[in-house]
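> Below is the structure I would like to discuss, written out as structure tokens.
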Amino acid sequence: MTPAPTLAARGVSKSFFGNAVLREVSIALQPGRIHALLGENGAGKSTLINILSGALLPDAGAVEIDGRVFRGLNPRDAHRAGIAVVQQELGLTTQLSIAENIGIGALPRRYGLIDYRGLARRARAAMDLVGLNEDLATPVGDLPLGRRQMVEIARALFREPRVLILDEPTSSLSAHEVETLTALLDRLRAKGTAILYISHRLNEVMRLCQHVTVLKDGVVTADRPIEGVEAADLVRLMVGRDTGHLFPAWTPSADRDPIIQVSGLSSGVLRDIDMSIRRGEVLGIGGLVGQGQEDLLLSLYGALPASARTAEFNRQRNLPASVRRANALGLAYVPADRKREGLHLIHAIGWNLMLPSLARAFSLSLRDRSKERVLATALADRFAIKGDLTRQVRALSGGNQQKVALAKWTPAEPQVWLLNDPTRGVDVETKREIYALLRRLASEGKAIVLSSSDTPELVHLCDRVAVMREGRIVATIEREALSEGAIVAAAMGADPLRTAA
Amino acid sequence: MNAIESASLRLYWPAQRQRNRGAGGLLIVVAAFLALYAYLFPGLLSVGGVAKFAQSWLPLAMVSMAQAILMLAGGVSLAIGAMVSLGAVIAATTMAGPLGVAGGAALVMIAGLGVGAACGVIVVRLGLPAIVVTLAASFIVGGAALLILPRPGGTIPAWLSDLLAGDKPVAAWLVIAVVVFWKLYLATPLGLSLYAAGENPDAAYRAGVPVDAARILAYAVSGLLATCAGLFVAAKTGSGDPVIGEAFTLNSIAAAVLGGVGFLGGKGAMRGALAGSLLLSVMINVMYFLGFPPVAHYIAQGLIIIGAVALPEFSARRRAL
Amino acid sequence: MNPGEAVRFPKVRPRALFASRPVLTFLIVVAVWIGASFVKPGFGAFGHLRYLVELGAVVGLAAIGQTFVVIAGGIDLSVGAIITVSAVGAPLVALAFDESGAFAALITLAAATVIGVLNGLGVAFLRAHPMIMTLAMATFLQGLLILLAGGSAISAQSPLLEWLGSARPGGVPAGVLVWAIASVLSLLALHATPFGARVFALGANSLAATLSGVNVPATTVAVYAISGLTAGMTGLLLLGMNGQGYVGIGDPYLLSSIAAVVLGGTSILGGSGTYAGSIPGAVLLVTITGLITVVNASPGWRSILFGSLILALLLISGREARRR
């Protein structure tokens with residue numbers, strides 16, 4: 001008989017704006033076990049973590065701690081019960097010191113004031129565990145991203161948790177830091193801590209974890225010991241089918257003239273980028289999270305001030321100085337964060353579809369509403385966006401929102417599509433549609449630049465993949481040599497530095 | 001604990017020092033203006049000169065802190081001026097009466113804490129925009145001040161006026177007392193939480209920081225500082241005036257912005273806001289001294305605020321988005 | 001309309017129309033008027049109601065620019081100061097050859113628009129918070145005005161101003177006529193032009209608007225310029241109705257303009273709303289102000305009442321905001 005789980009969810013469901021994100025999900029974390037939670041982007045992993053840690057309340061079902069049911073669990077209760085979470089998005093306060101960040105929310109006190117001496121001692125102990133040797137008083141704002149992630153982990157350890165939840169903790173860590181972390185997790189497990197580990201890196205999961213739960217579209221598709229499971233099986237469970245079927249057949253397109261050529265592009269974190277983008281190709285941009293991929297797309301799109309030694313866009317010299325100039329040159333950009341950057345959530349679907357056209361039209365001309373209705377209807381039909389277009393965009397599911405974000409650009413007939421992680425948080429069916437759309441656009445002679453955090457996507461869809469690390473393109477891998485291994489190796493710096501093509 | 005260990009565990013003072021960074025430029029400007037003022041008005045360097053200067057600076061310093069607390073917490077207040085007026089009229093109508101100075105002062109503080117906390121609850125709990133809530137509050141509080149004292153009048157006991165605004169540098173000591181009060185506040189868990197709650201409230205909430213409580217407390221402390229500034233202003237003039245605080249709303253924002261406190265919360269430090277208020281105060285004094293007409297202050301202030309907002313935009317290259 | 005489109009763009013039902021804020025605000029005005037005319041004889045007389053609408057025109061004109069700015073996600077706290085600049089400045093530019101006063105009016109409106117443009121430039125390019133930028137502008141103008149005009153009232157006489165203040169072509173006060181024309185134009189600009197759509201885009205999500213190709217700086221400058229222009233018009237109308245301008249004449253209209261916008265259902269958070277709501281909002285506001293004066297409330301109570309009104313309205317529209 002297994003011991004009672006330290007932390008468990010029993011049949012929890014949760015929906016946002018009418019979209020079910022979790023459906024009767026159960027998971028049980030046992031002491032002394034590293035439990036992997038796998039699933040695609042948008043499968044509901046983060047929502048489940050937020051429910052387990054009290055940041056969200058489930059619509060149905062319950063959270064149990066040591067077999068006791070908690071209704072209305074909030075983060076403070078969860079902390080008191082010994083649950084600590086390392087969030088994927090960094091939630092540190094840049095102005096405060098490392099030690100204050102580690103302690104905040106659970107600061108030791110003496111006579112009502114913060115016990116700085118005790119805080120320093122305990123924070124130092126937590127920092128030693130994760131190998132942080134910086135000064136305690138250093139403001140977190142001074143640290144690079146990877147070190148901040150370690151501070152985030154130290155913050156969780158500071159609370160001496162019985163349950164430790166890590167949401168993609170290794171996405172911005174160096175190889176050395178990953179090693180420190182895995183050793184640490186093994187030690188904690190041996191001490192009896194229950195650990196929930198979310199990662200996209202299957203080899204890490206296979207090496208570290210003993211048990212796995214797989215989520216697909218908000219439903220548990222597997223909950224079993226990891227022994228005897230192949231990595232390929234896990235992928236199938238996450239995606240629901242062999243990944244090969246998701247992607248359209250790849251056929252090279254005839255037209256391969258370069259449409260954009262830049263050399264020596266620098267901006268923000270970007271350093272000396274040389275690249276050429278050709279008509280009729282899907283050019284992938286790969287690499288670990290936050291290596292300058294977004295800045296690259298934004299500089300090409302004229303949304304970030306950038307400089308280049310030479311640049312040619314659609315036979316015009318110079319980088320576009322503004323988004324409007326980029327639009328005029330035939331570029332379109334679909335952002336990764338569609339809620340914040342891509343769409344106007346409070347406005348109607350039809351209105352959103354018309355916005356790029358309205359942005360270009362003469363300011364004080366009269367709008368032709370009936371023509372707009374015809375065009376919006378046609379776009380919605382083509383992209384299979386269902387229903388009333390006078391509804392607000394926020395009423396749509398993630399996948400349909402993404403379709404609106406893509407569809408709104410088609411009337412402008414862009415020659416170059418800059419896509420930033422277009423399948424993040426999108427259901428499988430929409431993914432398939434987006435993939436087909438990208439290949440179709442390429443076959444029509446358009447140029448597609450696809451930045452993606454999903455490596456299989458890059459492998460199956462792209463003609464070439466440029467891999468970025470620390471603001472540079474460190475390798476450009478041609479179709480023949482494309483494999484997940486090659487991309488990951490280049491991203492991690494396993495390859496000797498190569499200059500980009 | 002041996003010496004090496006305790007050296008590596010020093011935290012409070014090093015962390016404080018780290019927060020000084022970036023304030024260097026501002027401190028140089030403040031020092032230059034102080035030097036100019038001392039050159040124009042050598043009397044500044046006497047006990048009486050310090051006393052007079054501290055008296056003109058203290059109310060501005062307090063309202064700047066009141067504004068900066070809210071800005072650190074991700075809010076702002078347009079009701080600071082009305083709160084100053086409220087503090088002034090309460091002091092002027094109660095202190096000479098049966099409640100006495102202690103009772104009157106207590107009433108001023110309770111009013112500040114209470115009204116501040118009420119604004120905080122409305123902003124934080126109901127999730128309404130701070131700008132508009134405090135705009136409405138400025139009318140309600142300003143109206144209340146007019147009801148308490150419809151026209152300038154009332155009295156402050158003479159001994160209190162002499163004590164606070166006489167020849168002795170009591171006001172200078174009060175500045176120090178207010179700074180110590182702020183240091184103590186920031187050394188409490190709830191006080192320090194202000195930074196986390198201001199910069200990234202969602203993440204702070206998930207980390208177990210009592211975000212709502214920290215922000216509501218900030219509004220209450222802000223109200224307390226503003227009404228106490230009003231008490232001091234009343235003591236300085238010897239009577240109450242229901243609209244005396246009006247100019248303080250804009251000045252408090254100006255000082256905080258000059259001091260590098262950001263509008264989005266969690267950015268900046270109180271020492272910056274204090275330096276900003278000092279700069280503003282010295283500038284006003286220098287302008288008086290050089291014989292500028294009072295209206296020139298309006299013009300100068302407008303320009304200073306726009307300049308303070310614009311400077312960082314030019315000095316730092318930022319993302320276009 | 002083909003059947004596919006009928007699904008995509010269903011007809012608005014008449015009942016939904018009655019739930020819309022502009023209509024609701026209009027109905028409230030009617031209800032208050034009917035109620036007040038029972039309580040207070042003479043209130044419902046045509047002359048008095050016309051007088052209320054005439055007062056509403058002043059607030060309503062100022063609210064035009066404020067509506068544009070608020071929908072674009074900003075706020076213009078310099079409206080009152082610009083009104084004063086216009087009311088005090090127009091008499092100062094009275095020129096000998098300019099017999100009708102039209103030239104002076106044009107210069108005044110141009111100056112007001114330039115002030116608005118400066119506000120817009122500050123917000124768009126210096127990234128100053130709209131409140132700070134416009135508050136600083138108001139402070140600056142206040143100082144400038146005292147220097148220019150001192151404390152005394154300046155009277156102005158010109159045929160144009162006289163016409164604005166007292167003419168009644170066809171029984172309609174000239175101010176109301178100007179207001180009506182300006183309202184139609186601004187409703188067209190807001191709802192029937194690409195420019196209007198960009199204003200909504202800017203207020204709902206300026207980042208997404210930028211990335212969708214909207215010229216955000218130009219749109220920002222334009223809305224503040226409109227606000228300056230309509231504030232200038234308000235100043236001229238006030239000057240015509242009062243016969244003289246003085247420092248502080250525009251102050252009450254800053255908050256009335258904001259209140260009228262919020263009363264009309266435009267979200268103070270930006271991105272949604274319509275000037276169609278600000279029109280009855282302005283009339284409702286002058287009606288309420290009139291009633292407060294009737295009950296002889298002291299300035300203190302008036303201020304408290306006004307603040308509570310804003311807070312109450314915010315609670316109503318704030319509920320909408322949280323549903324977002």
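Here, A, B, ... name the chains of the structure tokens in the order displayed, residue numbers run from 1 inside each chain, and ligands are numbered from 1 in the same displayed order.
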Kindly provide, as a list in words, the residues of chain B having any atom no farther than 6 Å from an atom of chain A, counting only C-alpha atoms.
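Per the criterion, chain B yields Leu9, Leu11, Pro14, Ala15, Ala187, Thr188, Pro189, Ala196, Ala203, Arg206, Gly208, Val209 and Ala320 of chain B.
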> Considering only C-alpha atoms, return as an MDAnalysis selection string whatever protein or nucleic-acid residues lie within 8 Å of region 263-276 of chain C, sequence-local ones (same chain, fewer than 4 positions apart) excluded.
(chainID A and resid 346) or (chainID B and resid 129) or (chainID C and resid 21:22 25 64 67 70:74 183 186:187 190 199:205 259 280:281 313 317 321)
> Find the residues around region 289-303 of chain C up to 6 Å (only C-alpha atoms counted), leave out those fewer than 2 positions away in its own chain, and share them as a list in words.
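Answer for this query is Phe139, Gly143, Leu146 and Leu147 of chain B; Val286, Thr287, Leu305 and Phe306 of chain C.
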> Chain C residues within 12 Å of chain A, counting only C-alpha atoms: which ones, as number ranges by chain?
C: 1-12, 185-186, 188-219, 222, 267, 269-273, 320-324
> Keeping only C-alpha atoms, write the selected residues as a JSON list (two decimals), in the first residue's frame.

[["chain", "number", "residue", "atom", "x", "y", "z"],
["C", 1, "MET", "CA", -26.92, 40.73, -47.23],
["C", 2, "ASN", "CA", -26.26, 37.08, -47.95],
["C", 3, "PRO", "CA", -27.14, 34.38, -45.40],
["C", 4, "GLY", "CA", -23.48, 33.77, -44.47],
["C", 5, "GLU", "CA", -23.11, 37.38, -43.48],
["C", 6, "ALA", "CA", -26.32, 37.31, -41.47],
["C", 7, "VAL", "CA", -24.73, 34.70, -39.21],
["C", 8, "ARG", "CA", -21.48, 36.63, -39.01],
["C", 9, "PHE", "CA", -23.12, 40.00, -38.36],
["C", 10, "PRO", "CA", -26.52, 39.42, -36.74],
["C", 11, "LYS", "CA", -28.89, 42.41, -36.58],
["C", 12, "VAL", "CA", -28.89, 44.35, -33.34],
["C", 185, "LEU", "CA", -18.43, 65.77, -37.12],
["C", 186, "SER", "CA", -16.81, 64.06, -34.16],
["C", 188, "LEU", "CA", -18.40, 60.68, -37.91],
["C", 189, "ALA", "CA", -14.68, 60.88, -37.22],
["C", 190, "LEU", "CA", -14.93, 58.40, -34.37],
["C", 191, "HIS", "CA", -17.17, 55.78, -35.91],
["C", 192, "ALA", "CA", -17.04, 56.17, -39.67],
["C", 193, "THR", "CA", -13.38, 56.77, -40.45],
["C", 194, "PRO", "CA", -10.20, 54.70, -40.20],
["C", 195, "PHE", "CA", -8.84, 57.39, -37.89],
["C", 196, "GLY", "CA", -11.60, 56.64, -35.39],
["C", 197, "ALA", "CA", -10.84, 52.93, -35.51],
["C", 198, "ARG", "CA", -7.20, 53.70, -34.77],
["C", 199, "VAL", "CA", -8.21, 55.75, -31.72],
["C", 200, "PHE", "CA", -10.11, 52.74, -30.38],
["C", 201, "ALA", "CA", -7.17, 50.44, -31.22],
["C", 202, "LEU", "CA", -4.76, 52.71, -29.40],
["C", 203, "GLY", "CA", -6.85, 52.82, -26.25],
["C", 204, "ALA", "CA", -7.61, 49.12, -26.08],
["C", 205, "ASN", "CA", -4.03, 47.97, -26.60],
["C", 206, "SER", "CA", -1.40, 50.38, -27.83],
["C", 207, "LEU", "CA", 1.23, 47.68, -28.24],
["C", 208, "ALA", "CA", -0.99, 45.54, -30.44],
["C", 209, "ALA", "CA", -1.98, 48.68, -32.33],
["C", 210, "THR", "CA", 1.68, 49.49, -33.06],
["C", 211, "LEU", "CA", 2.36, 45.97, -34.25],
["C", 212, "SER", "CA", -0.76, 46.07, -36.44],
["C", 213, "GLY", "CA", 0.71, 49.03, -38.32],
["C", 214, "VAL", "CA", -1.21, 51.81, -36.60],
["C", 215, "ASN", "CA", 0.78, 55.03, -36.46],
["C", 216, "VAL", "CA", 0.47, 55.37, -32.71],
["C", 217, "PRO", "CA", 2.44, 58.61, -32.21],
["C", 218, "ALA", "CA", 0.50, 60.41, -34.95],
["C", 219, "THR", "CA", -2.82, 59.19, -33.59],
["C", 222, "ALA", "CA", -4.09, 63.97, -33.18],
["C", 267, "SER", "CA", -14.50, 53.56, -20.16],
["C", 269, "LEU", "CA", -9.53, 52.82, -18.95],
["C", 270, "GLY", "CA", -9.72, 53.53, -22.67],
["C", 271, "GLY", "CA", -10.57, 51.52, -25.72],
["C", 272, "SER", "CA", -14.34, 51.65, -25.61],
["C", 273, "GLY", "CA", -17.05, 54.25, -25.59],
["C", 320, "GLU", "CA", -17.58, 46.47, -16.54],
["C", 321, "ALA", "CA", -13.83, 46.78, -16.38],
["C", 322, "ARG", "CA", -13.45, 43.77, -14.14],
["C", 323, "ARG", "CA", -15.60, 41.68, -16.43],
["C", 324, "ARG", "CA", -12.87, 42.16, -19.00]]
> Tell me the residues of chain C close to chain B, meaning within 7 Å using only C-alpha atoms, as number ranges by chain.
C: 126, 128, 133, 136-137, 139-140, 142-144, 146-147, 207, 300-301, 303-304, 306-308, 310-311, 318
> List every residue of region 232-368 of chain A that DSSP, applied to the backbone of this structure, places in strand (DSSP E), and write the result as a PyMOL selection string.
chain A and resi 258-267+270-278+282-286+310-313+316-317+331-334
